[in-house]
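Participant: This is protein_36.txt, which holds compact mmCIF, C-alpha atoms:
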```txt
# COMPACT_ATOMS: atom_id res chain seq x y z
CA MET A 1 8.53 -18.78 -5.12
CA GLU A 2 10.50 -17.06 -7.90
CA GLN A 3 9.46 -14.11 -10.05
CA THR A 4 8.53 -15.39 -13.49
CA ILE A 5 7.24 -12.45 -15.57
CA GLN A 6 6.33 -8.78 -15.55
CA LYS A 7 3.04 -7.84 -17.16
CA ARG A 8 1.95 -4.38 -18.26
CA VAL A 9 -1.75 -3.57 -17.77
CA SER A 10 -3.29 -0.58 -19.54
CA VAL A 11 -5.44 1.62 -17.32
CA GLY A 12 -7.44 4.81 -17.77
CA GLY A 13 -6.14 8.22 -18.74
CA GLY A 14 -3.26 7.00 -20.87
CA SER A 15 -1.38 5.43 -17.98
CA TRP A 16 -0.49 1.84 -17.12
CA VAL A 17 0.59 -0.38 -14.25
CA VAL A 18 3.23 -3.12 -14.28
CA VAL A 19 2.67 -6.28 -12.24
CA ASP A 20 5.50 -8.51 -11.00
CA VAL A 21 4.30 -12.12 -11.11
CA TYR A 22 5.78 -14.85 -8.91
CA GLY A 23 4.98 -18.51 -9.50
CA ASP A 24 2.55 -19.74 -12.17
CA PRO A 25 1.31 -16.74 -14.21
CA GLY A 26 -1.59 -18.82 -15.54
CA ALA A 27 -2.97 -19.65 -12.08
CA PRO A 28 -4.83 -16.83 -10.29
CA GLY A 29 -3.56 -16.54 -6.74
CA LEU A 30 -2.76 -13.64 -4.41
CA VAL A 31 -2.74 -10.03 -5.61
CA VAL A 32 -0.55 -7.70 -3.48
CA LEU A 33 -1.19 -3.95 -3.55
CA PRO A 34 1.51 -1.82 -1.86
CA GLY A 35 0.85 1.63 -0.38
CA VAL A 36 2.68 4.96 -0.49
CA MET A 37 6.48 5.18 -0.33
CA SER A 38 6.63 1.59 -1.59
CA ASP A 39 6.70 -0.38 -4.83
CA ALA A 40 6.71 -3.98 -6.04
CA TYR A 41 10.48 -4.25 -5.56
CA ALA A 42 10.10 -3.48 -1.84
CA TRP A 43 7.69 -6.43 -1.56
CA ARG A 44 9.88 -8.98 -3.34
CA HIS A 45 10.93 -10.77 -0.14
CA VAL A 46 7.33 -11.16 1.01
CA ALA A 47 6.20 -12.37 -2.41
CA SER A 48 8.99 -14.92 -2.70
CA ALA A 49 8.30 -16.28 0.81
CA VAL A 50 4.55 -16.82 0.31
CA SER A 51 3.77 -20.47 -0.48
CA ALA A 52 0.02 -21.01 0.00
CA TRP A 53 -1.00 -19.70 -3.44
CA PRO A 54 0.13 -20.86 -6.90
CA SER A 55 1.04 -17.29 -7.81
CA VAL A 56 1.65 -13.90 -6.22
CA MET A 57 1.05 -10.78 -8.32
CA VAL A 58 2.58 -7.58 -6.90
CA VAL A 59 1.24 -4.38 -8.41
CA ASN A 60 3.47 -1.41 -9.11
CA ARG A 61 0.83 1.25 -8.67
CA ARG A 62 0.95 4.19 -11.08
CA GLY A 63 3.40 6.93 -10.15
CA ARG A 64 6.34 4.58 -9.61
CA ALA A 65 8.55 3.09 -12.34
CA PRO A 66 8.08 1.07 -14.46
CA SER A 67 4.39 1.93 -14.19
CA GLY A 68 2.96 5.06 -15.76
CA PRO A 69 2.23 8.55 -14.38
CA LEU A 70 -0.52 9.51 -11.95
CA THR A 71 -2.08 11.87 -14.58
CA ASP A 72 -3.91 15.12 -13.86
CA THR A 73 -7.20 13.39 -13.02
CA TYR A 74 -5.69 11.20 -10.29
CA SER A 75 -7.90 10.38 -7.29
CA LEU A 76 -8.77 7.50 -4.99
CA ARG A 77 -11.25 6.44 -7.67
CA THR A 78 -8.33 6.15 -10.12
CA GLU A 79 -6.63 3.62 -7.85
CA VAL A 80 -9.79 1.54 -7.47
CA GLU A 81 -10.22 1.40 -11.24
CA ASP A 82 -6.56 0.44 -11.69
CA LEU A 83 -6.95 -2.47 -9.28
CA GLU A 84 -10.10 -3.57 -11.08
CA ALA A 85 -8.20 -3.51 -14.40
CA VAL A 86 -5.53 -5.77 -12.90
CA LEU A 87 -8.15 -8.17 -11.55
CA ASP A 88 -9.85 -8.27 -14.97
CA VAL A 89 -6.58 -9.20 -16.68
CA PHE A 90 -5.46 -11.85 -14.19
CA GLY A 91 -8.84 -13.42 -13.57
CA ASP A 92 -10.59 -14.11 -10.30
CA PRO A 93 -7.88 -14.15 -7.60
CA SER A 94 -8.07 -16.26 -4.48
CA ALA A 95 -7.28 -13.18 -2.37
CA VAL A 96 -6.24 -9.54 -2.51
CA PHE A 97 -3.73 -8.26 0.05
CA GLY A 98 -3.39 -4.50 0.52
CA TRP A 99 -0.84 -2.70 2.68
CA SER A 100 -1.52 0.78 4.09
CA TYR A 101 -3.02 2.91 1.27
CA GLY A 102 -3.20 -0.26 -0.80
CA GLY A 103 -5.46 -1.74 1.88
CA LEU A 104 -7.86 1.20 1.59
CA ILE A 105 -7.96 0.84 -2.19
CA ALA A 106 -8.72 -2.89 -1.91
CA LEU A 107 -11.48 -2.29 0.65
CA LEU A 108 -13.16 0.19 -1.69
CA ALA A 109 -12.81 -2.16 -4.68
CA ALA A 110 -14.61 -4.84 -2.64
CA ASP A 111 -17.59 -2.50 -2.43
CA GLU A 112 -17.98 -2.80 -6.22
CA ARG A 113 -17.01 -6.35 -7.14
CA PRO A 114 -17.05 -9.69 -5.36
CA LEU A 115 -13.80 -10.79 -3.72
CA ARG A 116 -13.42 -14.15 -2.07
CA ARG A 117 -10.86 -12.97 0.47
CA LEU A 118 -9.48 -9.55 1.27
CA ILE A 119 -6.50 -9.08 3.61
CA ALA A 120 -5.44 -5.58 4.67
CA TYR A 121 -2.41 -4.69 6.80
CA GLU A 122 -2.85 -1.39 8.66
CA PRO A 123 -5.02 0.32 6.03
CA VAL A 124 -5.18 4.10 6.39
CA MET A 125 -7.96 6.65 5.90
CA ARG A 126 -8.73 10.30 6.61
CA PRO A 127 -7.47 12.24 8.52
CA PHE A 128 -4.19 10.33 8.01
CA GLY A 129 -1.49 12.84 7.02
CA GLN A 130 -4.02 15.62 6.55
CA HIS A 131 -2.10 18.08 8.71
CA ALA A 132 0.96 17.73 6.47
CA LEU A 133 -0.77 18.42 3.15
CA PRO A 134 0.24 22.12 2.87
CA ASP A 135 3.90 21.27 3.45
CA LEU A 136 3.74 18.33 1.04
CA LYS A 137 2.17 20.54 -1.62
CA ALA A 138 4.91 23.17 -1.28
CA ALA A 139 7.64 20.53 -1.46
CA ARG A 140 6.09 18.99 -4.58
CA GLN A 141 5.83 22.37 -6.29
CA ASN A 142 9.55 22.87 -5.63
CA GLU A 143 10.35 19.25 -6.55
CA ASP A 144 12.12 19.10 -3.20
CA TRP A 145 12.07 15.36 -2.56
CA ASP A 146 14.48 15.53 0.40
CA THR A 147 11.96 17.73 2.21
CA THR A 148 9.10 15.46 1.13
CA VAL A 149 10.80 12.43 2.67
CA ASP A 150 11.54 14.41 5.82
CA ILE A 151 7.88 15.49 6.09
CA VAL A 152 6.53 11.96 5.80
CA ASN A 153 9.01 10.56 8.29
CA ARG A 154 8.86 13.38 10.81
CA LYS A 155 5.37 14.90 10.58
CA ILE A 156 3.29 11.90 9.49
CA THR A 157 4.89 8.71 10.77
CA GLY A 158 6.58 10.37 13.76
CA LEU A 159 10.08 8.92 13.44
CA ASP A 160 12.61 10.43 15.84
CA HIS A 161 15.54 12.54 14.66
CA ALA A 162 18.12 9.78 15.12
CA ARG A 163 16.24 7.30 12.93
CA ILE A 164 15.67 9.87 10.20
CA GLU A 165 19.36 10.76 10.16
CA ALA A 166 20.24 7.07 9.98
CA LEU A 167 18.04 6.75 6.90
CA ARG A 168 19.62 9.85 5.37
CA ALA A 169 23.10 8.44 5.96
CA ASP A 170 22.32 5.40 3.80
CA ARG A 171 22.53 6.93 0.33
CA GLU A 172 20.89 4.01 -1.46
CA VAL A 173 17.93 3.89 0.94
CA TRP A 174 17.51 7.68 0.94
CA GLU A 175 17.58 7.85 -2.85
CA ALA A 176 14.90 5.17 -3.05
CA LEU A 177 12.76 7.13 -0.60
CA ARG A 178 13.22 10.31 -2.64
CA ARG A 179 12.15 8.49 -5.79
CA LEU A 180 9.06 7.01 -4.14
CA SER A 181 8.05 10.34 -2.57
CA ALA A 182 7.21 12.09 -5.86
CA PRO A 183 3.49 11.08 -5.84
CA LEU A 184 3.12 11.51 -2.07
CA TYR A 185 1.12 14.75 -2.03
CA ASP A 186 -1.47 13.45 -4.49
CA GLU A 187 -1.73 10.11 -2.70
CA THR A 188 -2.12 11.71 0.74
CA LEU A 189 -4.82 13.97 -0.71
CA ALA A 190 -6.59 10.86 -2.05
CA VAL A 191 -6.35 9.10 1.32
CA ASN A 192 -8.30 12.02 2.78
CA GLU A 193 -11.26 11.77 0.42
CA PRO A 194 -14.66 11.01 2.04
CA LEU A 195 -15.52 7.34 2.48
CA PRO A 196 -18.76 5.36 2.76
CA ALA A 197 -19.83 4.32 6.24
CA THR A 198 -19.27 0.64 5.41
CA LEU A 199 -16.44 -0.85 3.35
CA ALA A 200 -15.80 -4.17 1.57
CA ARG A 201 -19.49 -5.07 1.40
CA ARG A 202 -18.95 -7.55 -1.46
CA ALA A 203 -16.02 -9.42 0.07
CA ASP A 204 -16.81 -12.93 1.30
CA HIS A 205 -14.23 -12.60 4.08
CA VAL A 206 -12.05 -9.74 5.32
CA ASP A 207 -8.95 -10.07 7.51
CA LEU A 208 -7.54 -6.88 9.05
CA ILE A 209 -4.00 -7.02 10.44
CA VAL A 210 -2.39 -4.54 12.83
CA GLY A 211 1.22 -4.57 13.99
CA GLY A 212 1.59 -5.17 17.71
CA THR A 213 3.76 -2.07 18.19
CA ASN A 214 1.11 0.16 16.57
CA ARG A 215 -2.09 -1.11 18.17
CA GLY A 216 -4.08 1.83 19.53
CA ILE A 217 -1.25 4.27 18.78
CA ALA A 218 -1.37 7.14 16.25
CA PRO A 219 -1.08 7.36 13.37
CA TYR A 220 -1.35 3.76 12.13
CA GLY A 221 -3.14 2.17 15.07
CA THR A 222 -5.81 4.86 15.24
CA ALA A 223 -6.34 4.76 11.46
CA PHE A 224 -6.69 0.98 11.76
CA ASP A 225 -9.40 1.42 14.41
CA ASP A 226 -11.27 3.85 12.13
CA ILE A 227 -11.17 1.31 9.30
CA ARG A 228 -12.23 -1.54 11.56
CA ARG A 229 -15.42 0.32 12.48
CA ARG A 230 -16.28 0.44 8.77
CA VAL A 231 -15.76 -3.31 8.31
CA PRO A 232 -17.70 -4.71 11.28
CA ALA A 233 -17.61 -8.34 10.08
CA ALA A 234 -13.82 -8.42 9.62
CA THR A 235 -11.57 -10.79 11.51
CA VAL A 236 -8.82 -8.86 13.30
CA HIS A 237 -5.28 -10.21 13.67
CA GLU A 238 -2.28 -8.75 15.49
CA LEU A 239 1.27 -9.40 14.32
CA PRO A 240 3.31 -9.32 17.54
CA GLY A 241 6.38 -7.13 17.70
CA GLN A 242 5.91 -5.57 14.27
CA GLY A 243 5.06 -2.12 12.96
CA HIS A 244 4.07 -0.54 9.69
CA LEU A 245 7.22 -1.46 7.75
CA VAL A 246 6.81 -5.18 8.34
CA HIS A 247 7.47 -5.99 4.66
CA LEU A 248 10.98 -4.61 5.07
CA GLU A 249 11.70 -5.60 8.67
CA ALA A 250 10.06 -9.04 8.93
CA PRO A 251 8.97 -10.24 5.46
CA ALA A 252 9.12 -13.94 6.34
CA GLN A 253 6.94 -13.44 9.41
CA LEU A 254 4.38 -11.52 7.37
CA ALA A 255 4.43 -14.18 4.63
CA ARG A 256 3.76 -16.91 7.20
CA LEU A 257 0.73 -15.03 8.50
CA ILE A 258 -0.57 -14.48 4.97
CA ASP A 259 -0.16 -18.20 4.28
CA THR A 260 -2.15 -19.12 7.38
CA LEU A 261 -5.00 -16.96 6.08
CA ALA A 262 -5.24 -18.90 2.82
CA GLY A 263 -8.00 -20.89 4.48
```
Let's see the structure in the file written out as C-alpha cells.

Facilitator:
Amino acid sequence: MEQTIQKRVSVGGGSWVVVDVYGDPGAPGLVVLPGVMSDAYAWRHVASAVSAWPSVMVVNRRGRAPSGPLTDTYSLRTEVEDLEAVLDVFGDPSAVFGWSYGGLIALLAADERPLRRLIAYEPVMRPFGQHALPDLKAARQNEDWDTTVDIVNRKITGLDHARIEALRADREVWEALRRLSAPLYDETLAVNEPLPATLARRADHVDLIVGGTNRGIAPYGTAFDDIRRRVPAATVHELPGQGHLVHLEAPAQLARLIDTLAG
C-alpha cells in the first residue's frame, strides 16, 4: 500500500496534527498511533505492508514535525482529544492500533467513544519512566537532547552501553532520536497520570500484543501486565522473538499480525 496524501487536522490549543494516509483516503480503515520517540515516518514500513484494510492512517502526534507544538496545557487528556479529532475527520475506522504510549491513549479514548476494534502493542502506564522524570526535566530545561536520548535508552529502556554507543555512532539515527526526544519529559509525565481501574470500556473488541522477548520483563512486559489487568476482556497475543521496537526491526512481521486481526 502506497502513501497517497497527508492531511492536517486542527486540534485544541492552537496546535494541529498531520496524518499520513496510505491507500484510499476516502475509505476509513486502520488508524495507527505511534508512541514516544517515534513518528509517522518511523511507521512507514508497517503501514505500507498492511493489506487487510483499504487505508492506513498514521498520526504524527503533536510535538513532532510536521505536526504542531505540545502547548503549555499538554496532558494525557490532550492526546485523547487529538485522537478523537482525527477520528471525527476520517470517519468511523475499522480499527485503531496504538503502540506504547499510543496504545495507552487509544485505550483511554475507547472509554469515551465506541470503537469496533482496538489493537495495542505493549501499551505503557505509570510508573513507566517515573524514576527518570527529574533527570528528563533537567535535560529539557538545558535543551540537552543528547542527554535526553541517553536517559531514555539507559535509565528507562535499559539498553546496555554497547548498544547505546552503536546508536550514537550512526549520526543519522542519533540525530533522529535527538529530534524526537524534545517532548519526552512532558510525555513521560503524562504517562504517569492516574488511570481508571478499567480501560477501553466502549471498545467492541480489544487485542493486546506483547513482544516475546519482553513478556514478564521490566519495563515493557511489566507495564503490559498492568494494562492487561485493566482490560480483562482483551485477547492477548505474543509476537515471538520481538521486542518493543518491532516497527523498526520486524515491520513485515508486525503487519502480518495486524492483518490477521482484521477479523

Participant: Could you give me, as a PyMOL selection string, the residues that sit within 9 Å of (12.3, 14.2, -9.6) in the file's coordinates, counting all atoms listed in the file?

Facilitator: chain A and resi 143-145+178-179+182

Participant: Can you write out as a Markdown table which residues of range 190-241 of chain A fall within 6 Å of range 96-115 of chain A, alongside each residue's closest atom pair and its distance in Å to one decimal, counting all atoms listed in the file and ordering rows by chain and ascending residue number?

Facilitator:
```
| residue | atom | partner | partner_atom | distance |
| --- | --- | --- | --- | --- |
| A:Leu199 | CA | A:Leu107 | CA | 5.8 |
| A:Ala200 | CA | A:Ala110 | CA | 4.4 |
| A:Arg201 | CA | A:Asp111 | CA | 5.0 |
| A:Arg202 | CA | A:Pro114 | CA | 4.8 |
| A:Ala203 | CA | A:Leu115 | CA | 4.6 |
```

Participant: Wanna dump the range 25-141 of chain A-range 188-194 of chain A contacts at 7 Å for me, each residue with its shortest atom pair and the distance in Å to one decimal, counting all atoms listed in the file, ordered by chain and number, as JSON lines?

Facilitator:
```
{"residue": "A:Ser75", "atom": "CA", "partner": "A:Ala190", "partner_atom": "CA", "distance": 5.4}
{"residue": "A:Leu76", "atom": "CA", "partner": "A:Ala190", "partner_atom": "CA", "distance": 5.0}
{"residue": "A:Met125", "atom": "CA", "partner": "A:Val191", "partner_atom": "CA", "distance": 5.4}
{"residue": "A:Arg126", "atom": "CA", "partner": "A:Asn192", "partner_atom": "CA", "distance": 4.2}
{"residue": "A:Pro127", "atom": "CA", "partner": "A:Asn192", "partner_atom": "CA", "distance": 5.8}
{"residue": "A:Phe128", "atom": "CA", "partner": "A:Asn192", "partner_atom": "CA", "distance": 6.9}
{"residue": "A:Gly129", "atom": "CA", "partner": "A:Thr188", "partner_atom": "CA", "distance": 6.4}
{"residue": "A:Gln130", "atom": "CA", "partner": "A:Asn192", "partner_atom": "CA", "distance": 6.7}
```

Participant: Go through range 87-200 of chain A residue by residue and, counting all atoms listed in the file, keep those with an atom at most 10 Å from range 249-261 of chain A; for each kept residue give the shortest atom pair and its distance in Å to one decimal, ordered by chain and increasing number, as JSON lines.

Facilitator:
```
{"residue": "A:Ala95", "atom": "CA", "partner": "A:Leu261", "partner_atom": "CA", "distance": 9.5}
{"residue": "A:Phe97", "atom": "CA", "partner": "A:Ile258", "partner_atom": "CA", "distance": 8.5}
{"residue": "A:Arg117", "atom": "CA", "partner": "A:Leu261", "partner_atom": "CA", "distance": 9.0}
{"residue": "A:Leu118", "atom": "CA", "partner": "A:Leu261", "partner_atom": "CA", "distance": 9.9}
{"residue": "A:Ile119", "atom": "CA", "partner": "A:Ile258", "partner_atom": "CA", "distance": 8.1}
{"residue": "A:Tyr121", "atom": "CA", "partner": "A:Leu254", "partner_atom": "CA", "distance": 9.6}
```

Participant: Restricting the calculation to only C-alpha atoms, which member of A:Ala52, A:Asp135, A:Asp150, A:Glu81 is positioned closest to Leu177 in chain A?

Facilitator: A:Asp150

Participant: For Val18 in chain A, which residue among A:Val80, A:Val46, A:Ala85, A:Val36 is the nearest when counting all atoms listed in the file?

Facilitator: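 Once distances to Val18 in chain A are computed over all atoms listed in the file, the minimum belongs to A:Ala85.
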
Participant: Report, in Å with one decimal, the straight-line distance from CA of Leu159 in chain A to CA of Arg215 in chain A.

Facilitator: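 Going from CA of Leu159 in chain A over to CA of Arg215 in chain A, I get 16.5 Å.
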
Participant: Given the choices A:Pro240, A:Gly13, A:Pro219, A:Pro196, which gets closest to His131 in chain A if the distance is worked out from all atoms listed in the file?

Facilitator: A:Pro219

Participant: Which distance in Å separates CA of Gly26 in chain A and CA of Phe90 in chain A, to one decimal?

Facilitator: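 A separation of 8.1 Å between them.
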
Participant: Could you tell me how far CA of Asp186 in chain A lies from CA of Asp72 in chain A, in Å and to one decimal?

Facilitator: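 Distance reported for this atom pair: 9.8 Å.
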
Participant: Considering all atoms listed in the file, can you say which of A:Gly12, A:Pro183, A:Gln242, A:Asp204 comes closest to Thr73 in chain A?

Facilitator: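 Counting all atoms listed in the file, the residue closest to Thr73 in chain A is A:Gly12.
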
Participant: Kindly compute an axis-aligned box around the listed atoms of range 214-227 of chain A, allowing 3 Å on each side, and express its centre and edge lengths in Å to one decimal as JSON.

Facilitator:
```
{"center_x": -5.1, "center_y": 3.1, "center_z": 14.4, "size_x": 18.4, "size_y": 14.5, "size_z": 16.2}
```

Participant: Could you check the closest approach to Asp92 in chain A for each of A:Val210, A:Ile5, A:Val17, A:Leu30 and tell me which residue wins, using all atoms listed in the file?

Facilitator: A:Leu30

Participant: Neighbouring residues of Ala42 in chain A were defined as those with any atom within 12 Å, considering all atoms listed in the file; residues of the same chain fewer than 2 positions away were excluded. Please report them as a PyMOL selection string.

Facilitator: chain A and resi 20+32-40+44-48+58-60+64+99+173+176-177+180+245-249+251

Participant: Measuring between only C-alpha atoms, which one of A:Glu238, A:Glu79, A:Asp226, A:Glu187 shows the shortest distance to Thr213 in chain A?

Facilitator: A:Glu238
